[in-house]
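Remarks on the structure that follows.
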Amino acid sequence: MITLENINKTFYTSEVETRALEDINLTVEKGEFVAIMGSSGCGKSTMLNIMGLLDKPTSGWVIIDDVRADSLYDRDMARIRNQKLGFIFQSFHLIPSLNVLDNVLLPMLYRRGSSASVNRKRALELIEKVGLTHRLKHFPSQLSGGQCQRVAIARALIGQPKVILADEPTGNLDSKMGAEIMDLLVQLNREGTTIVMVTHDERLAEETGRIIRLFDGKLVL
Amino acid sequence: MDKWKNYLRSALCSIKHNKVYALFCVVGTAFTFVFIIIMLQLVYDTTSNKAPFVNGDRTIVFNTFQDVNGRNVGGIHTESTAWLMERIREKEDYFMYYNNVGEVAVNDVCKTFPFAFVNGGYWKVHQFNFVEGRSFTEQECLNKDAYVVLREDMAETFFKSGHAVGQKMEIQGRDYTVIGVVRNFSTYATITEGIWIPYVFNSFSPRGFGHYDLGVLFPRDVPVQNMKECVAVAVKDYWRQINMNVDVKPENLYTFREARIDNFGSDLYVYGIPVAIFLLLLIPAINIVTLNMANVDNCSDEIALKRALGAGLFDSFMQVISVIALLVIIGAIGGIFLTYPIADWISVLFFNNGDEGQVSLIENLDYWVILCGVFPLSLLFTLLSGGIPAYIIARKNIATVLKGGSK
């Protein structure tokens with residue numbers, strides 16, 4: 001499903017050169033729930049961003065569904081992000097000017113040939129699934145952190161992606177809300193969605209099928 | 001459609017959160033476009049065949065000539081005008097025009113005004129819109145009927161209340177009856193007089209030139225070159241008859257429209273106006289670009305998120321530029337509404353002396369100016385002021401921007 005081959009990532013500033021990832025080789029299979037763990041600054045998010053085509057590796061290959069994706073044109077990468085990947089961020093990243101329904105529908109604006117009525121019906125189903133039907137017309141500023149993350153999950157699912165990439169999805173939530181979100185992700189995985197989640201919470205990682213550990217930009221076996 | 005709705009909604013939200021910036025953009029754009037519209041309208045007024053100069057392309061005009069040694073030999077003598085016109089082949093009609101300045105008295109109030117002596121053909125060659133009454137005919141000129149036609153602003157100046165037609169006024173000591181009032185037109189188009197009287201009353205005093213400016217109207221199907229050749233042949237024949245060696249070449253004759261453009265200087269239209277418009281667009285655009293660059297971070301998060309969700313570079317570019325486009329559209333519409341009052345203010349301040357009525361710099365705004373001038377220039381202004389910031393925002397690294405985080 002997603003393969004990283006010999007991935008290296010180095011950040012350059014005028015004074016410092018920082019190697020964030022070194023020789024990363026990893027394959028995530030269909031239906032897996034993978035947790036990426038490691039201390040702060042070890043390269044977890046960088047690896048997830050490269051997997052999600054949000055950032056480019058300095059060297060190495062990113063293969064998604066047997067297609068080398070890291071060297072595609074921007075519009076082709078955008079199409080893969082839109083059709084095959086779903087993103088959940090630690091800080092939710094909802095659009096403040098859009099209500100819950102429109103935030104969930106957002107990825108479908110960039111999908112050609114999709115039917116507005118079908119999209120809307122699916123968005124309503126997903127919003128019901130994450131338990132926010134009563135908040136349909138609310139704006140992000142009117143929701144709690146947990147509710148915002150539920151909206152973000154619904155948004156990640158609207159395009160029926162093959163993989164969900166979650167970057168510390170419970171990082172900004174209290175333990176109760178975090179547990180609720182984790183339950184939702186586990187349920188999605190049981191329904192067949194592949195999930196790659198960055199976390200540094202050992203208890204949450206234990207609920208996943210596989211734990212990958214990173215230390216100073218290298219995979220720890 | 002949903003995508004455009006989304007652009008619009010994001011643009012409105014951005015404007016709501018940056019009111020001072022939005023106000024600056026709208027006001028700046030409005031004033032920029034006021035001056036651009038005035039300039040474009042004046043260009044249109046002076047170069048197009050709009051009323052009253054609808055026959056500008058099929059009228060050949062001439063006044064004075066030079067002999068082969070380059071000396072000015074004057075124009076066609078008044079007594080010979082009819083003789084000359086008979087010799088111009090294919091002609092449809094012709095006008096005679098002589099401008100003068102003199103005392104005009106109405107109801108015991110006497111002031112100095114410019115006025116023009118014209119023949120009956122003048123009203124056929126130029127198509128004035130009459131607010132009331134009518135023009136005088138050639139036969140009425142020959143009958144020495146003392147009629148006068150006024151421009152609307154002049155009628156209002158002389159006869160503040162009620163209709164002007166039928167009223168009496170005294171010009172250079174002779175009584176005239178107002179027979180018609182024509183709608184105002186931009187006086188910057190060429191004609192500055194607002195009073196027209198029959199040429200038979202012309203004593204050529206105080207200017208003393210014994211000839212008129214002449215214009216020959218041809219049928220629509222006659223090519224311009226043929227018109228010029230017909231006039232050149234007849235005029236050359238006239239000078240030969242009076243033993244003057246004047247070389248009249250067709251290429252030295254102008255249509256009425258060419259003469260108007262030449263009067264203002266063709267270089268002005270080719271270089272001056274485009275450069276002035278470009279500068280008018282560029283200077284505020286630079287200001288807006290500077291403001292936008294400072295404002296870039298405000299919308300970077302949203303753009304990066306949309307790119308993460310599948311928006312391409314073009315979508316991102318459109319997202320940013322839609323804010324500017326919306327502000328420019330509002331500003332340009334504001335500019336259109338501000339054009340009349342500002343044009344009036346400029347006219348009063350710099351051009352009108354108060355006595356000659358109140359013809360504005362711009363009498364009416366043509367939809368061609370809006371459609372072919374304001375609309376494309378709005379797009380250009382949007383691209384100038386929003387293109388660079390939009391490109392910079394759209395090219396930002398998604399991961400780096402999203403790392404900053406916002407709700």
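As shown in the structure tokens, the chain order sets the letters A, B, ...; within each chain, residues go from 1, and ligands are also counted from 1 in the order they appear.
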*Where in stretch 42-124 of chain B does DSSP assign strand (DSSP E or B), given as JSON, numbers by chain?*
{"B": [59, 60, 61, 62, 65, 66, 72, 73, 74, 77, 93, 94, 95, 96, 97, 98, 99, 100, 101, 102, 103, 104, 105, 106, 109, 110, 111, 112, 113, 114, 115, 116, 117, 118]}
*Could you please tell me, as JSON, numbers by chain, which residues of chain B have an atom within 12 Å of chain A when using only C-alpha atoms?*
{"B": [1, 2, 3, 4, 5, 6, 7, 8, 9, 10, 11, 12, 13, 14, 15, 16, 17, 299, 300, 301, 302, 303, 304, 305, 306, 307, 308, 309, 310, 311, 312, 313, 314, 315, 316, 394, 395, 396, 397, 398, 399, 400, 401, 402, 403, 404, 405, 406, 407]}
Given the selection you just returned, output its residues as a file containing C-alpha atoms, formatted as a PDB file, in the first residue's frame.
```pdb
ATOM      1  CA  MET B   1     -19.876  25.992  -8.707  1.00  0.00           C
ATOM      2  CA  ASP B   2     -19.221  24.834  -5.148  1.00  0.00           C
ATOM      3  CA  LYS B   3     -15.562  25.615  -5.642  1.00  0.00           C
ATOM      4  CA  TRP B   4     -16.347  29.219  -6.618  1.00  0.00           C
ATOM      5  CA  LYS B   5     -18.731  29.485  -3.680  1.00  0.00           C
ATOM      6  CA  ASN B   6     -15.903  28.282  -1.484  1.00  0.00           C
ATOM      7  CA  TYR B   7     -13.476  30.844  -2.925  1.00  0.00           C
ATOM      8  CA  LEU B   8     -16.039  33.568  -2.327  1.00  0.00           C
ATOM      9  CA  ARG B   9     -16.799  32.463   1.207  1.00  0.00           C
ATOM     10  CA  SER B  10     -13.111  32.318   2.126  1.00  0.00           C
ATOM     11  CA  ALA B  11     -12.576  35.718   0.512  1.00  0.00           C
ATOM     12  CA  LEU B  12     -15.442  37.239   2.495  1.00  0.00           C
ATOM     13  CA  CYS B  13     -14.102  35.724   5.697  1.00  0.00           C
ATOM     14  CA  SER B  14     -10.621  37.062   4.975  1.00  0.00           C
ATOM     15  CA  ILE B  15     -12.077  40.524   4.302  1.00  0.00           C
ATOM     16  CA  LYS B  16     -14.070  40.356   7.536  1.00  0.00           C
ATOM     17  CA  HIS B  17     -10.917  39.619   9.491  1.00  0.00           C
ATOM     18  CA  CYS B 299      -4.125  32.797   4.797  1.00  0.00           C
ATOM     19  CA  SER B 300      -1.151  30.439   4.492  1.00  0.00           C
ATOM     20  CA  ASP B 301      -2.645  27.914   6.955  1.00  0.00           C
ATOM     21  CA  GLU B 302      -5.900  27.660   5.063  1.00  0.00           C
ATOM     22  CA  ILE B 303      -4.195  27.315   1.702  1.00  0.00           C
ATOM     23  CA  ALA B 304      -1.775  24.668   3.022  1.00  0.00           C
ATOM     24  CA  LEU B 305      -4.672  22.704   4.489  1.00  0.00           C
ATOM     25  CA  LYS B 306      -6.607  22.823   1.239  1.00  0.00           C
ATOM     26  CA  ARG B 307      -3.543  21.620  -0.630  1.00  0.00           C
ATOM     27  CA  ALA B 308      -3.192  18.768   1.856  1.00  0.00           C
ATOM     28  CA  LEU B 309      -6.802  17.830   1.145  1.00  0.00           C
ATOM     29  CA  GLY B 310      -6.259  17.763  -2.605  1.00  0.00           C
ATOM     30  CA  ALA B 311      -6.297  21.334  -3.906  1.00  0.00           C
ATOM     31  CA  GLY B 312      -3.764  21.877  -6.679  1.00  0.00           C
ATOM     32  CA  LEU B 313      -1.524  24.902  -7.094  1.00  0.00           C
ATOM     33  CA  PHE B 314      -4.094  26.550  -9.367  1.00  0.00           C
ATOM     34  CA  ASP B 315      -6.843  26.142  -6.761  1.00  0.00           C
ATOM     35  CA  SER B 316      -4.557  27.651  -4.140  1.00  0.00           C
ATOM     36  CA  ALA B 394       0.592  28.701  -3.105  1.00  0.00           C
ATOM     37  CA  ARG B 395       4.225  27.576  -3.381  1.00  0.00           C
ATOM     38  CA  LYS B 396       4.839  27.352   0.375  1.00  0.00           C
ATOM     39  CA  ASN B 397       5.769  23.949   1.777  1.00  0.00           C
ATOM     40  CA  ILE B 398       2.563  22.370   3.088  1.00  0.00           C
ATOM     41  CA  ALA B 399       4.199  20.502   5.956  1.00  0.00           C
ATOM     42  CA  THR B 400       6.094  23.569   7.169  1.00  0.00           C
ATOM     43  CA  VAL B 401       2.968  25.741   7.185  1.00  0.00           C
ATOM     44  CA  LEU B 402       0.761  23.140   8.869  1.00  0.00           C
ATOM     45  CA  LYS B 403       3.407  22.544  11.520  1.00  0.00           C
ATOM     46  CA  GLY B 404       2.611  26.041  12.820  1.00  0.00           C
ATOM     47  CA  GLY B 405      -0.934  24.863  13.581  1.00  0.00           C
ATOM     48  CA  SER B 406      -4.179  26.751  13.959  1.00  0.00           C
ATOM     49  CA  LYS B 407      -7.687  25.739  14.680  1.00  0.00           C
TER      50      LYS B 407
END
```
Which neighbours of B:Leu379 fall inside 9 Å, counting only C-alpha atoms, when residues of the same chain fewer than 5 positions from it are skipped, and could you give them as a CSV table (one decimal) with N, CA and C atoms, in the first residue's frame?
```csv
chain,number,residue,atom,x,y,z
B,325,ALA,N,-9.4,39.9,-6.0
B,325,ALA,CA,-10.4,40.1,-7.1
B,325,ALA,C,-11.7,40.7,-6.6
B,328,VAL,N,-11.0,44.3,-5.7
B,328,VAL,CA,-10.8,45.1,-6.9
B,328,VAL,C,-12.2,45.4,-7.6
B,329,ILE,N,-13.0,44.3,-7.6
B,329,ILE,CA,-14.4,44.5,-8.2
B,329,ILE,C,-15.2,45.6,-7.4
B,374,VAL,N,-12.6,49.1,-18.3
B,374,VAL,CA,-12.6,48.9,-16.9
B,374,VAL,C,-12.5,47.4,-16.6
B,384,LEU,N,-1.8,42.0,-11.1
B,384,LEU,CA,-0.6,42.8,-10.7
B,384,LEU,C,-0.5,42.9,-9.2
```
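Using only C-alpha atoms, the residues found no farther than 10 Å from A:Ala154, other than those of its own chain fewer than 5 positions away, are Gly86, Ile88, Val100, Leu101, Asn103, Val104, Leu105, Arg122, Ala123, Leu124, Glu125, Leu126, Ile127, Glu128, Lys129, Val130, Leu132, Cys148, Gln149 and Gly159 of chain A.
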*All residues 9 Å or closer to B:Tyr122, only C-alpha atoms, same chain fewer than 2 positions away omitted, as a PyMOL selection string*: chain B and resi 93-97+118-120+124-127+215
Residue selection dump (N, CA, C and O atoms) as a PDB file, in the first residue's frame:
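Printed below is part-v1.pdb as written:
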```pdb
ATOM      1  N   ASP B  93     -23.150  65.847 -48.517  1.00  0.00           N
ATOM      2  CA  ASP B  93     -23.480  67.148 -47.931  1.00  0.00           C
ATOM      3  C   ASP B  93     -22.192  67.802 -47.454  1.00  0.00           C
ATOM      4  O   ASP B  93     -21.126  67.184 -47.538  1.00  0.00           O
ATOM      5  N   TYR B  94     -22.266  68.979 -46.925  1.00  0.00           N
ATOM      6  CA  TYR B  94     -21.064  69.603 -46.364  1.00  0.00           C
ATOM      7  C   TYR B  94     -21.450  70.574 -45.250  1.00  0.00           C
ATOM      8  O   TYR B  94     -22.585  71.021 -45.162  1.00  0.00           O
ATOM      9  N   PHE B  95     -20.474  70.818 -44.379  1.00  0.00           N
ATOM     10  CA  PHE B  95     -20.753  71.835 -43.346  1.00  0.00           C
ATOM     11  C   PHE B  95     -19.749  72.977 -43.437  1.00  0.00           C
ATOM     12  O   PHE B  95     -18.625  72.822 -43.931  1.00  0.00           O
ATOM     13  N   MET B  96     -20.211  74.143 -42.940  1.00  0.00           N
ATOM     14  CA  MET B  96     -19.353  75.320 -42.801  1.00  0.00           C
ATOM     15  C   MET B  96     -19.349  75.681 -41.329  1.00  0.00           C
ATOM     16  O   MET B  96     -20.397  75.638 -40.677  1.00  0.00           O
ATOM     17  N   TYR B  97     -18.178  76.033 -40.832  1.00  0.00           N
ATOM     18  CA  TYR B  97     -18.066  76.291 -39.389  1.00  0.00           C
ATOM     19  C   TYR B  97     -17.066  77.419 -39.169  1.00  0.00           C
ATOM     20  O   TYR B  97     -15.953  77.391 -39.721  1.00  0.00           O
ATOM     21  N   VAL B 118     -22.693  78.491 -38.448  1.00  0.00           N
ATOM     22  CA  VAL B 118     -22.712  77.228 -39.206  1.00  0.00           C
ATOM     23  C   VAL B 118     -23.796  77.286 -40.273  1.00  0.00           C
ATOM     24  O   VAL B 118     -24.723  78.102 -40.192  1.00  0.00           O
ATOM     25  N   ASN B 119     -23.680  76.388 -41.251  1.00  0.00           N
ATOM     26  CA  ASN B 119     -24.715  76.319 -42.300  1.00  0.00           C
ATOM     27  C   ASN B 119     -25.735  75.219 -41.946  1.00  0.00           C
ATOM     28  O   ASN B 119     -25.595  74.526 -40.920  1.00  0.00           O
ATOM     29  N   GLY B 120     -26.711  75.024 -42.804  1.00  0.00           N
ATOM     30  CA  GLY B 120     -27.730  73.995 -42.547  1.00  0.00           C
ATOM     31  C   GLY B 120     -27.160  72.590 -42.609  1.00  0.00           C
ATOM     32  O   GLY B 120     -27.607  71.691 -41.889  1.00  0.00           O
ATOM     33  N   LYS B 124     -26.678  68.162 -40.527  1.00  0.00           N
ATOM     34  CA  LYS B 124     -26.813  66.848 -41.180  1.00  0.00           C
ATOM     35  C   LYS B 124     -25.539  66.032 -41.002  1.00  0.00           C
ATOM     36  O   LYS B 124     -25.590  64.813 -40.834  1.00  0.00           O
ATOM     37  N   VAL B 125     -24.400  66.729 -41.071  1.00  0.00           N
ATOM     38  CA  VAL B 125     -23.126  66.023 -40.916  1.00  0.00           C
ATOM     39  C   VAL B 125     -22.965  65.558 -39.465  1.00  0.00           C
ATOM     40  O   VAL B 125     -22.598  64.415 -39.209  1.00  0.00           O
ATOM     41  N   HIS B 126     -23.245  66.447 -38.527  1.00  0.00           N
ATOM     42  CA  HIS B 126     -23.174  66.080 -37.106  1.00  0.00           C
ATOM     43  C   HIS B 126     -24.582  65.781 -36.608  1.00  0.00           C
ATOM     44  O   HIS B 126     -25.510  66.538 -36.884  1.00  0.00           O
ATOM     45  N   GLN B 127     -24.708  64.683 -35.878  1.00  0.00           N
ATOM     46  CA  GLN B 127     -26.035  64.256 -35.414  1.00  0.00           C
ATOM     47  C   GLN B 127     -26.199  64.582 -33.933  1.00  0.00           C
ATOM     48  O   GLN B 127     -25.893  63.757 -33.074  1.00  0.00           O
ATOM     49  N   GLY B 215     -16.243  70.888 -44.030  1.00  0.00           N
ATOM     50  CA  GLY B 215     -16.264  69.430 -43.898  1.00  0.00           C
ATOM     51  C   GLY B 215     -17.187  68.856 -44.947  1.00  0.00           C
ATOM     52  O   GLY B 215     -18.303  69.345 -45.125  1.00  0.00           O
TER      53      GLY B 215
END
```
Mind checking which residues fall within 12 Å of B:Phe35, counting only C-alpha atoms, ignoring those fewer than 5 positions away in the same chain, and posting them as a CSV table (one decimal) with N, CA and C atoms, in the first residue's frame?
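Below is the file that was written, part-v5.csv:
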```
chain,number,residue,atom,x,y,z
B,28,GLY,N,-8.4,52.6,-2.5
B,28,GLY,CA,-7.3,52.8,-3.4
B,28,GLY,C,-7.7,52.4,-4.8
B,29,THR,N,-8.3,51.3,-4.9
B,29,THR,CA,-8.8,50.8,-6.3
B,29,THR,C,-9.8,51.8,-6.9
B,30,ALA,N,-10.7,52.2,-6.0
B,30,ALA,CA,-11.8,53.1,-6.5
B,30,ALA,C,-11.2,54.4,-7.1
B,40,LEU,N,-10.0,56.9,-20.0
B,40,LEU,CA,-10.6,56.1,-21.1
B,40,LEU,C,-11.8,56.7,-21.8
B,41,GLN,N,-12.6,57.4,-20.9
B,41,GLN,CA,-13.8,58.0,-21.5
B,41,GLN,C,-13.4,59.2,-22.4
B,42,LEU,N,-12.4,59.9,-22.0
B,42,LEU,CA,-12.0,61.0,-22.8
B,42,LEU,C,-11.4,60.5,-24.1
B,273,ILE,N,-1.3,57.7,-23.2
B,273,ILE,CA,-2.4,57.1,-22.4
B,273,ILE,C,-2.0,55.8,-21.9
B,276,ALA,N,0.3,56.2,-19.0
B,276,ALA,CA,-0.4,56.8,-17.8
B,276,ALA,C,-1.2,55.8,-17.1
B,277,ILE,N,-2.0,55.0,-17.9
B,277,ILE,CA,-2.9,54.0,-17.3
B,277,ILE,C,-2.0,52.9,-16.6
B,278,PHE,N,-0.9,52.5,-17.2
B,278,PHE,CA,-0.1,51.5,-16.6
B,278,PHE,C,0.5,52.0,-15.2
B,279,LEU,N,0.9,53.3,-15.2
B,279,LEU,CA,1.4,53.9,-14.0
B,279,LEU,C,0.3,54.0,-12.9
B,280,LEU,N,-0.9,54.4,-13.4
B,280,LEU,CA,-2.0,54.5,-12.5
B,280,LEU,C,-2.3,53.1,-11.8
B,281,LEU,N,-2.1,52.0,-12.6
B,281,LEU,CA,-2.4,50.7,-12.1
B,281,LEU,C,-1.2,50.2,-11.2
B,332,ALA,N,-13.6,48.9,-8.2
B,332,ALA,CA,-13.8,49.4,-9.6
B,332,ALA,C,-15.3,49.9,-9.7
B,335,GLY,N,-15.4,53.0,-8.1
B,335,GLY,CA,-14.8,54.0,-9.0
B,335,GLY,C,-15.8,54.5,-10.1
B,336,ILE,N,-16.6,53.6,-10.6
B,336,ILE,CA,-17.6,54.0,-11.6
B,336,ILE,C,-18.5,55.0,-11.0
B,338,LEU,N,-18.0,56.9,-8.5
B,338,LEU,CA,-17.3,58.2,-8.1
B,338,LEU,C,-16.9,59.0,-9.3
B,339,THR,N,-17.0,58.4,-10.5
B,339,THR,CA,-16.4,59.1,-11.7
B,339,THR,C,-17.2,60.4,-12.0
B,340,TYR,N,-18.5,60.4,-12.0
B,340,TYR,CA,-19.2,61.6,-12.3
B,340,TYR,C,-19.0,62.7,-11.3
B,341,PRO,N,-19.1,62.5,-10.0
B,341,PRO,CA,-18.8,63.6,-9.1
B,341,PRO,C,-17.4,64.1,-9.2
B,342,ILE,N,-16.4,63.2,-9.4
B,342,ILE,CA,-15.0,63.7,-9.4
B,342,ILE,C,-14.8,64.4,-10.7
B,343,ALA,N,-15.3,63.9,-11.8
B,343,ALA,CA,-15.2,64.5,-13.1
B,343,ALA,C,-15.8,65.9,-13.1
B,346,ILE,N,-13.4,68.1,-11.1
B,346,ILE,CA,-12.2,68.5,-11.9
B,346,ILE,C,-12.6,69.6,-12.9
B,361,LEU,N,-16.4,67.2,-17.6
B,361,LEU,CA,-15.3,66.5,-18.3
B,361,LEU,C,-15.9,65.3,-19.0
B,362,ILE,N,-16.8,64.6,-18.3
B,362,ILE,CA,-17.5,63.4,-18.9
B,362,ILE,C,-19.0,63.6,-18.8
B,374,VAL,N,-12.6,49.1,-18.3
B,374,VAL,CA,-12.6,48.9,-16.9
B,374,VAL,C,-12.5,47.4,-16.6
```
*May I have the residues within 6 Å of stretch 9-25 of chain A as number ranges by chain, using only C-alpha atoms and disregarding those fewer than 2 positions away in the same chain?*
A: 4-7, 43, 57-58, 217-218
_Atom-to-atom span, atom CA of A:Ala35 and atom CA of A:Met197, Å_ =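 Atom CA of A:Ala35 sits 4.8 Å away from atom CA of A:Met197.
For the residues B:Val231, B:Val289, B:Val275, B:Ile392, ranking by smallest atom-to-atom distance to B:Glu90 using only C-alpha atoms places B:Val231 first.
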*asked:* Here is a test: counting only C-alpha atoms, which residue of B:Val68, B:Ile288, B:Val61, B:Val101 is nearest to B:Phe115?
replied: B:Val101
*asked:* Please compute the atom CA of B:Ile171-atom CA of B:Phe128 distance, one decimal, in Å.
replied: 22.1 Å
_Based on the backbone DSSP call, show me all residues of stretch 5-210 of chain A assigned alpha helix (DSSP H), as a ChimeraX atom specification._
/A:44-51,74-83,100-105,116-129,145-158,175-190,202-206
*Counting only C-alpha atoms, which of A:Met1, A:Gln160, A:Val118, A:Glu32 gets nearest to A:Val62?*
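Of all the options, A:Met1 lies closest to A:Val62.
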